[in-house]
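Data from structure-v6.cif: mmCIF, C-alpha atoms (C1' of nucleotides)
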data_target
#
loop_
_atom_site.group_PDB
_atom_site.id
_atom_site.type_symbol
_atom_site.label_atom_id
_atom_site.label_comp_id
_atom_site.auth_asym_id
_atom_site.auth_seq_id
_atom_site.Cartn_x
_atom_site.Cartn_y
_atom_site.Cartn_z
ATOM 1 C CA MET A 25 107.928 101.366 80.171
ATOM 2 C CA LYS A 26 110.857 98.964 80.015
ATOM 3 C CA VAL A 27 110.562 95.462 81.425
ATOM 4 C CA TYR A 28 113.689 93.360 82.011
ATOM 5 C CA THR A 29 114.405 89.740 82.871
ATOM 6 C CA PHE A 30 117.759 88.906 84.468
ATOM 7 C CA ASN A 31 119.026 85.604 85.864
ATOM 8 C CA VAL A 32 121.506 86.946 88.432
ATOM 9 C CA ASN A 33 122.920 83.575 89.601
ATOM 10 C CA GLY A 34 122.932 84.520 93.291
ATOM 11 C CA ILE A 35 121.491 87.880 94.338
ATOM 12 C CA ASN A 36 123.932 88.338 97.209
ATOM 13 C CA ALA A 37 126.994 87.426 95.148
ATOM 14 C CA ARG A 38 125.733 89.771 92.420
ATOM 15 C CA LEU A 39 124.563 92.646 94.621
ATOM 16 C CA PRO A 40 127.191 95.283 93.643
ATOM 17 C CA GLN A 41 126.683 94.592 89.939
ATOM 18 C CA LEU A 42 122.895 94.460 90.313
ATOM 19 C CA LEU A 43 122.718 97.784 92.157
ATOM 20 C CA ALA A 44 125.011 99.492 89.644
ATOM 21 C CA TRP A 45 122.978 98.106 86.765
ATOM 22 C CA LEU A 46 119.669 99.235 88.325
ATOM 23 C CA ALA A 47 121.051 102.730 88.916
ATOM 24 C CA ASN A 48 122.323 102.953 85.343
ATOM 25 C CA ALA A 49 119.625 101.183 83.301
ATOM 26 C CA ARG A 50 116.728 102.550 85.421
ATOM 27 C CA PRO A 51 114.316 99.739 84.474
ATOM 28 C CA ASP A 52 110.641 100.131 85.381
ATOM 29 C CA VAL A 53 110.035 96.432 86.072
ATOM 30 C CA VAL A 54 112.591 93.644 86.596
ATOM 31 C CA CYS A 55 112.101 89.885 86.807
ATOM 32 C CA LEU A 56 114.973 88.176 88.627
ATOM 33 C CA GLN A 57 115.800 84.466 88.642
ATOM 34 C CA GLU A 58 118.200 82.239 90.566
ATOM 35 C CA ILE A 59 118.390 84.609 93.498
ATOM 36 C CA LYS A 60 119.566 81.535 95.491
ATOM 37 C CA SER A 61 118.408 83.175 98.698
ATOM 38 C CA GLN A 62 115.688 82.780 101.253
ATOM 39 C CA ASP A 63 113.330 85.744 101.551
ATOM 40 C CA ALA A 64 114.906 86.696 104.892
ATOM 41 C CA THR A 65 118.431 86.910 103.447
ATOM 42 C CA CYS A 66 117.509 88.906 100.333
ATOM 43 C CA PRO A 67 119.179 92.344 100.204
ATOM 44 C CA ARG A 68 115.813 94.064 100.241
ATOM 45 C CA LEU A 69 116.886 97.332 101.857
ATOM 46 C CA GLU A 70 119.636 98.030 99.325
ATOM 47 C CA ILE A 71 117.241 97.509 96.411
ATOM 48 C CA GLU A 72 114.420 99.490 98.006
ATOM 49 C CA ALA A 73 116.889 102.341 98.586
ATOM 50 C CA LEU A 74 117.125 102.689 94.807
ATOM 51 C CA GLY A 75 113.376 103.263 94.625
ATOM 52 C CA TYR A 76 112.116 99.758 93.877
ATOM 53 C CA HIS A 77 109.358 97.709 95.388
ATOM 54 C CA MET A 78 110.384 94.057 95.724
ATOM 55 C CA GLU A 79 108.460 90.796 96.037
ATOM 56 C CA THR A 80 110.358 87.548 96.402
ATOM 57 C CA HIS A 81 109.728 83.817 96.263
ATOM 58 C CA GLY A 82 112.984 82.564 97.693
ATOM 59 C CA GLN A 83 114.544 79.213 98.511
ATOM 60 C CA LYS A 84 117.655 78.250 100.448
ATOM 61 C CA GLY A 85 120.621 77.582 98.204
ATOM 62 C CA PHE A 86 118.884 77.086 94.853
ATOM 63 C CA ASN A 87 116.342 78.629 92.503
ATOM 64 C CA GLY A 88 114.373 81.627 93.789
ATOM 65 C CA VAL A 89 112.618 84.367 91.789
ATOM 66 C CA ALA A 90 111.722 87.990 92.447
ATOM 67 C CA LEU A 91 109.856 90.975 91.003
ATOM 68 C CA LEU A 92 111.067 94.573 91.196
ATOM 69 C CA SER A 93 109.002 97.597 90.193
ATOM 70 C CA ARG A 94 109.044 101.349 90.555
ATOM 71 C CA GLU A 95 105.384 101.125 91.603
ATOM 72 C CA PRO A 96 103.828 98.835 94.229
ATOM 73 C CA LEU A 97 103.218 95.216 93.267
ATOM 74 C CA THR A 98 99.823 93.695 94.046
ATOM 75 C CA ASP A 99 98.033 90.356 93.583
ATOM 76 C CA ILE A 100 101.185 88.341 94.312
ATOM 77 C CA VAL A 101 101.071 84.600 93.556
ATOM 78 C CA ARG A 102 104.036 82.556 94.766
ATOM 79 C CA GLY A 103 104.678 79.223 93.074
ATOM 80 C CA LEU A 104 103.387 77.817 89.794
ATOM 81 C CA PRO A 105 99.795 76.699 90.440
ATOM 82 C CA GLY A 106 98.748 73.121 89.816
ATOM 83 C CA ASP A 107 100.933 71.018 92.130
ATOM 84 C CA ASP A 108 100.912 71.710 95.855
ATOM 85 C CA THR A 109 103.718 69.174 96.386
ATOM 86 C CA ASP A 110 106.220 71.168 94.280
ATOM 87 C CA GLU A 111 108.638 72.789 96.734
ATOM 88 C CA GLN A 112 110.883 74.519 94.175
ATOM 89 C CA SER A 113 110.649 78.329 93.993
ATOM 90 C CA ARG A 114 110.478 79.003 90.274
ATOM 91 C CA TRP A 115 107.436 81.224 89.685
ATOM 92 C CA ILE A 116 106.054 84.509 91.015
ATOM 93 C CA GLU A 117 103.185 86.618 89.642
ATOM 94 C CA GLY A 118 102.381 90.221 90.398
ATOM 95 C CA THR A 119 100.569 93.243 89.000
ATOM 96 C CA THR A 120 102.167 96.671 88.652
ATOM 97 C CA MET A 121 101.816 99.729 86.422
ATOM 98 C CA GLY A 122 98.783 98.195 84.720
ATOM 99 C CA LEU A 123 100.733 95.080 83.775
ATOM 100 C CA LYS A 124 100.556 91.510 85.048
ATOM 101 C CA ILE A 125 104.106 90.204 85.232
ATOM 102 C CA VAL A 126 105.548 86.738 85.890
ATOM 103 C CA SER A 127 109.156 85.946 86.772
ATOM 104 C CA LEU A 128 109.836 82.288 85.977
ATOM 105 C CA TYR A 129 112.813 79.957 86.256
ATOM 106 C CA LEU A 130 112.064 76.888 84.207
ATOM 107 C CA PRO A 131 113.847 73.682 85.278
ATOM 108 C CA ASN A 132 117.112 72.960 83.458
ATOM 109 C CA GLY A 133 116.275 69.274 82.998
ATOM 110 C CA ASN A 134 119.788 67.857 82.613
ATOM 111 C CA PRO A 135 120.752 65.139 82.456
ATOM 112 C CA GLN A 136 118.248 63.694 80.047
ATOM 113 C CA PRO A 137 116.680 61.255 80.019
ATOM 114 C CA GLY A 138 116.031 61.054 83.737
ATOM 115 C CA PRO A 139 113.919 62.358 86.603
ATOM 116 C CA LYS A 140 115.130 65.942 86.184
ATOM 117 C CA PHE A 141 114.035 65.936 82.550
ATOM 118 C CA ASP A 142 110.686 64.414 83.529
ATOM 119 C CA TYR A 143 110.257 67.217 86.079
ATOM 120 C CA LYS A 144 111.069 69.814 83.429
ATOM 121 C CA LEU A 145 108.461 68.493 80.997
ATOM 122 C CA ALA A 146 105.795 68.167 83.687
ATOM 123 C CA TRP A 147 106.564 71.704 84.874
ATOM 124 C CA MET A 148 106.194 72.989 81.313
ATOM 125 C CA ASP A 149 102.839 71.208 80.938
ATOM 126 C CA ARG A 150 101.695 72.862 84.162
ATOM 127 C CA MET A 151 102.988 76.228 82.970
ATOM 128 C CA ILE A 152 101.007 75.922 79.736
ATOM 129 C CA VAL A 153 97.813 75.388 81.745
ATOM 130 C CA ARG A 154 98.506 78.466 83.866
ATOM 131 C CA ALA A 155 99.478 80.541 80.814
ATOM 132 C CA ARG A 156 96.238 79.595 79.066
ATOM 133 C CA ASN A 157 94.177 80.638 82.095
ATOM 134 C CA LEU A 158 96.037 83.949 82.420
ATOM 135 C CA LEU A 159 95.241 84.805 78.792
ATOM 136 C CA LEU A 160 91.523 84.643 79.618
ATOM 137 C CA GLU A 161 91.945 87.885 81.574
ATOM 138 C CA GLU A 162 92.599 89.682 78.260
ATOM 139 C CA GLN A 163 95.024 92.117 79.891
ATOM 140 C CA PRO A 164 98.625 93.198 79.279
ATOM 141 C CA LEU A 165 100.736 90.320 80.615
ATOM 142 C CA ILE A 166 104.367 89.268 80.273
ATOM 143 C CA LEU A 167 105.822 85.864 81.181
ATOM 144 C CA ALA A 168 109.509 86.694 81.582
ATOM 145 C CA GLY A 169 112.410 84.592 82.670
ATOM 146 C CA ASP A 170 114.974 81.882 82.173
ATOM 147 C CA TYR A 171 113.089 79.274 80.145
ATOM 148 C CA ASN A 172 116.072 76.915 79.814
ATOM 149 C CA VAL A 173 114.922 76.208 76.243
ATOM 150 C CA CYS A 174 116.710 77.120 73.017
ATOM 151 C CA PRO A 175 113.702 77.275 70.679
ATOM 152 C CA THR A 176 115.674 76.745 67.428
ATOM 153 C CA ASN A 177 119.199 75.889 66.335
ATOM 154 C CA ASN A 178 119.721 79.573 65.543
ATOM 155 C CA ASP A 179 119.525 80.153 69.292
ATOM 156 C CA VAL A 180 122.574 77.921 69.935
ATOM 157 C CA HIS A 181 126.188 78.588 68.978
ATOM 158 C CA ASN A 182 126.986 74.915 68.358
ATOM 159 C CA PRO A 183 123.858 72.784 67.983
ATOM 160 C CA SER A 184 125.689 69.524 67.295
ATOM 161 C CA ALA A 185 127.717 69.833 70.511
ATOM 162 C CA MET A 186 124.452 70.421 72.399
ATOM 163 C CA ALA A 187 122.485 67.643 70.705
ATOM 164 C CA GLU A 188 121.913 65.665 73.912
ATOM 165 C CA ASP A 189 121.242 68.685 76.108
ATOM 166 C CA ALA A 190 117.829 69.034 77.750
ATOM 167 C CA LEU A 191 117.607 72.640 76.510
ATOM 168 C CA MET A 192 117.435 71.463 72.888
ATOM 169 C CA GLN A 193 115.339 68.310 73.013
ATOM 170 C CA PRO A 194 112.263 68.075 70.768
ATOM 171 C CA GLU A 195 110.098 67.535 73.868
ATOM 172 C CA SER A 196 111.349 70.815 75.366
ATOM 173 C CA ARG A 197 110.988 72.727 72.119
ATOM 174 C CA SER A 198 107.507 71.461 71.349
ATOM 175 C CA ARG A 199 106.290 72.568 74.781
ATOM 176 C CA TRP A 200 107.934 75.967 74.284
ATOM 177 C CA ARG A 201 105.995 76.256 71.018
ATOM 178 C CA GLN A 202 102.782 75.054 72.667
ATOM 179 C CA LEU A 203 103.115 77.933 75.108
ATOM 180 C CA PHE A 204 103.737 80.593 72.483
ATOM 181 C CA ASN A 205 101.119 79.127 70.156
ATOM 182 C CA LEU A 206 98.519 79.908 72.806
ATOM 183 C CA GLY A 207 98.859 83.465 71.549
ATOM 184 C CA TYR A 208 101.976 84.862 73.207
ATOM 185 C CA LEU A 209 104.502 86.911 71.240
ATOM 186 C CA ASP A 210 108.244 86.180 71.516
ATOM 187 C CA ALA A 211 109.276 89.831 71.968
ATOM 188 C CA ILE A 212 112.907 89.384 70.937
ATOM 189 C CA ARG A 213 112.080 87.509 67.741
ATOM 190 C CA ALA A 214 109.358 90.048 66.898
ATOM 191 C CA ILE A 215 112.045 92.750 66.859
ATOM 192 C CA GLU A 216 115.136 90.712 65.830
ATOM 193 C CA PRO A 217 114.047 87.853 63.553
ATOM 194 C CA THR A 218 117.500 86.501 62.711
ATOM 195 C CA ALA A 219 120.266 87.805 65.011
ATOM 196 C CA HIS A 220 121.376 85.242 67.605
ATOM 197 C CA CYS A 221 120.407 87.413 70.590
ATOM 198 C CA TYR A 222 122.240 85.160 73.049
ATOM 199 C CA SER A 223 121.437 85.802 76.709
ATOM 200 C CA TYR A 224 123.650 83.168 78.408
ATOM 201 C CA TRP A 225 127.299 82.200 78.117
ATOM 202 C CA ASP A 226 128.855 79.392 80.166
ATOM 203 C CA TYR A 227 131.554 80.441 82.626
ATOM 204 C CA GLN A 228 133.798 77.707 81.207
ATOM 205 C CA ALA A 229 136.069 77.512 78.197
ATOM 206 C CA GLY A 230 135.976 81.221 77.377
ATOM 207 C CA ALA A 231 132.431 81.027 76.096
ATOM 208 C CA TRP A 232 131.789 84.765 76.542
ATOM 209 C CA SER A 233 134.947 85.931 74.782
ATOM 210 C CA LYS A 234 134.160 83.610 71.865
ATOM 211 C CA ASP A 235 130.453 84.537 71.895
ATOM 212 C CA HIS A 236 129.534 80.877 72.347
ATOM 213 C CA GLY A 237 126.125 81.601 73.815
ATOM 214 C CA LEU A 238 122.541 80.455 74.054
ATOM 215 C CA ARG A 239 119.227 82.288 73.763
ATOM 216 C CA ILE A 240 117.272 80.926 76.721
ATOM 217 C CA ASP A 241 115.870 84.031 78.436
ATOM 218 C CA HIS A 242 112.533 84.949 76.881
ATOM 219 C CA LEU A 243 109.706 87.485 77.125
ATOM 220 C CA ALA A 244 106.248 86.097 76.257
ATOM 221 C CA LEU A 245 103.744 88.894 75.629
ATOM 222 C CA SER A 246 99.982 88.509 75.762
ATOM 223 C CA PRO A 247 98.141 90.039 72.773
ATOM 224 C CA GLN A 248 97.282 93.091 74.872
ATOM 225 C CA ALA A 249 100.968 93.562 75.764
ATOM 226 C CA ALA A 250 102.099 92.804 72.218
ATOM 227 C CA ASP A 251 99.874 95.607 70.936
ATOM 228 C CA ARG A 252 102.109 97.968 72.882
ATOM 229 C CA LEU A 253 105.501 96.448 71.948
ATOM 230 C CA LYS A 254 107.829 99.220 70.837
ATOM 231 C CA ASP A 255 111.295 97.642 71.056
ATOM 232 C CA ALA A 256 113.208 94.716 72.567
ATOM 233 C CA GLY A 257 116.803 93.633 72.946
ATOM 234 C CA VAL A 258 119.635 92.139 74.963
ATOM 235 C CA ASP A 259 121.783 94.293 77.254
ATOM 236 C CA ARG A 260 125.165 92.605 76.908
ATOM 237 C CA LYS A 261 127.088 95.095 79.047
ATOM 238 C CA PRO A 262 126.604 93.392 82.452
ATOM 239 C CA ARG A 263 128.075 90.135 81.110
ATOM 240 C CA ALA A 264 131.369 91.909 80.370
ATOM 241 C CA LEU A 265 131.881 93.187 83.931
ATOM 242 C CA GLU A 266 133.982 91.601 86.680
ATOM 243 C CA LYS A 267 132.219 88.792 88.567
ATOM 244 C CA PRO A 268 129.270 88.644 86.159
ATOM 245 C CA SER A 269 126.270 86.374 86.137
ATOM 246 C CA ASP A 270 126.435 83.790 83.365
ATOM 247 C CA HIS A 271 123.242 85.446 81.987
ATOM 248 C CA THR A 272 122.684 89.035 80.877
ATOM 249 C CA PRO A 273 119.452 91.107 80.955
ATOM 250 C CA VAL A 274 116.849 90.807 78.193
ATOM 251 C CA TRP A 275 114.283 93.601 77.853
ATOM 252 C CA CYS A 276 111.268 94.908 76.009
ATOM 253 C CA GLU A 277 109.745 98.376 75.876
ATOM 254 C CA LEU A 278 105.989 98.916 75.857
ATOM 255 C CA THR A 279 104.319 102.161 74.842
ATOM 256 C "C1'" DA B 1 142.109 66.377 75.808
ATOM 257 C "C1'" DT B 2 135.915 63.495 79.185
ATOM 258 C "C1'" DG B 3 138.558 68.991 81.458
ATOM 259 C "C1'" DG B 4 137.017 73.647 82.018
ATOM 260 C "C1'" DT B 5 133.969 77.795 86.217
ATOM 261 C "C1'" DC B 6 130.846 79.621 89.156
ATOM 262 C "C1'" DG B 7 127.357 80.163 93.731
ATOM 263 C "C1'" DG B 8 125.833 78.317 97.942
ATOM 264 C "C1'" DG B 9 127.586 76.932 102.001
ATOM 265 C "C1'" DA B 10 130.731 74.137 104.178
ATOM 266 C "C1'" DA B 11 131.196 68.372 101.218
ATOM 267 C "C1'" DC B 12 129.360 68.297 97.169
ATOM 268 C "C1'" DC B 13 125.155 69.683 94.211
ATOM 269 C "C1'" DG B 14 123.259 72.353 90.488
ATOM 270 C "C1'" DA B 15 124.112 74.669 86.297
#
Any chance you could give the structure as structure tokens?
Amino acid sequence: MKVYTFNVNGINARLPQLLAWLANARPDVVCLQEIKSQDATCPRLEIEALGYHMETHGQKGFNGVALLSREPLTDIVRGLPGDDTDEQSRWIEGTTMGLKIVSLYLPNGNPQPGPKFDYKLAWMDRMIVRARNLLLEEQPLILAGDYNVCPTNNDVHNPSAMAEDALMQPESRSRWRQLFNLGYLDAIRAIEPTAHCYSYWDYQAGAWSKDHGLRIDHLALSPQAADRLKDAGVDRKPRALEKPSDHTPVWCELT
DNA sequence: ATGGTCGGGAACCGA
């Protein structure tokens, strides 16, 4: 089975490209981020017509995450547990095809320092708690999404130009490592140890044509999922189309 | 060179 994560940057603006990509790539499970849509205005019927079940955690104007699967999704959890006052839609859990799957949209955190960076770090601390608890289930599990963290300088086209960016700060990177050091496998780096594997290119300044990208979309595999890891990669084709998202899909294949 | 480009939703905010 192939599991994808894709930050679509507006599910309604991206609907033609998303539908064409689903029909062509035929993913089994998809984690979407930045749907920028309330649940009621999600294009559910068009996606279901392609044979997918869909669960959303939407929000008006910003954020918003969703899960798609060829099989029904059960045990849905909307919102990252641990703070009932958090109103941002950045986390959804579900179970499908014998896999627990999370679609997450980690806060960007810019500018830093500042309240947005504080929110990012607190959100990451809360995520680590949830990720630790989920590991106790000892089941196949993938935490997939836009982490808004470049783990190393090899994940950034121009580290010096990004030195002050929240995506590169030591505080962000150490929390990213705390998460993976719980026992999750970085699927892309397990398959491609050195290639850049960028998943995001800014709309500005011709970043895509110059391959000035970032690796910020990640797949964290529990040990029971990692046992089944067969392959992983980045599907760059959608980024080259007209009216693309600024991200492109990242995937892994489990046996 | 302190810009550049998108999406959402109707003037700017977020990225």
Q: Compile the residues of chain B that lie within 6 Å of chain A, evaluated using only C-alpha atoms (C1' of nucleotides), and express the compilation as a list in words.
A: DG4, DT5 and DG8 of chain B
Q | Polymer residues at most 12 Å from region 183-185 of chain A, only C-alpha atoms (C1' of nucleotides), same-chain spacing of 5 or more positions, as a list of chain:residue names | A |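 The filter keeps A:Cys174, A:Pro175, A:Thr176, A:Asn177, A:Asn178, A:Leu191, A:Met192, A:Gln193, A:His236, A:Gly237, A:Leu238.
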Q: Counting only C-alpha atoms (C1' of nucleotides), note down every residue that has an atom within 7 Å of the point (104.3, 92.3, 93.3) (file coordinates), as a count of residues only.
A: 12
Please provide as a CSV table (one decimal) with C-alpha atoms, keeping the file's coordinate frame all residues within 10 Å of Glu195 (chain A), with the sequence filter that same-chain residues fewer than 6 positions apart are discarded (counting only C-alpha atoms (C1' of nucleotides)).
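around_22.csv was written with the following content:
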chain,number,residue,atom,x,y,z
A,141,PHE,CA,114.0,65.9,82.6
A,144,LYS,CA,111.1,69.8,83.4
A,145,LEU,CA,108.5,68.5,81.0
Q. What is the CA of Leu130 (chain A) to CA of Val173 (chain A) distance in Å?
A. 8.5 Å
Q: Enumerate, as a ChimeraX atom specification, the residues matched when the PyMOL selection byres ((chain A and resi 81) around 8) is run on the file above.
A: /A:62-63,79-80,82-83,88-90,102-103,113-116
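Nearest residue to Val153 (chain A), choosing from A:His220, A:Arg199, A:Arg263, A:Arg213 and counting all atoms listed in the file: A:Arg199.
Between CA of Tyr222 (chain A) and CA of His181 (chain A) there is a distance of 8.7 Å.
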Around region 214-228 of chain A, fit a box with edges along x, y and z, padding it by 5 Å on each side, then list its centre and edge lengths in Å to one decimal as JSON.
{"center_x": 121.6, "center_y": 85.2, "center_z": 72.7, "size_x": 34.4, "size_y": 25.0, "size_z": 29.9}
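Going from CA of Arg150 (chain A) over to CA of Leu203 (chain A), you cover 10.5 Å.
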Q: Any chance you could resolve the PyMOL selection byres ((chain A and resi 56) around 7) against this file and give the residues as a ChimeraX atom specification?
A: /A:29-32,54-55,57,59,89-91,127
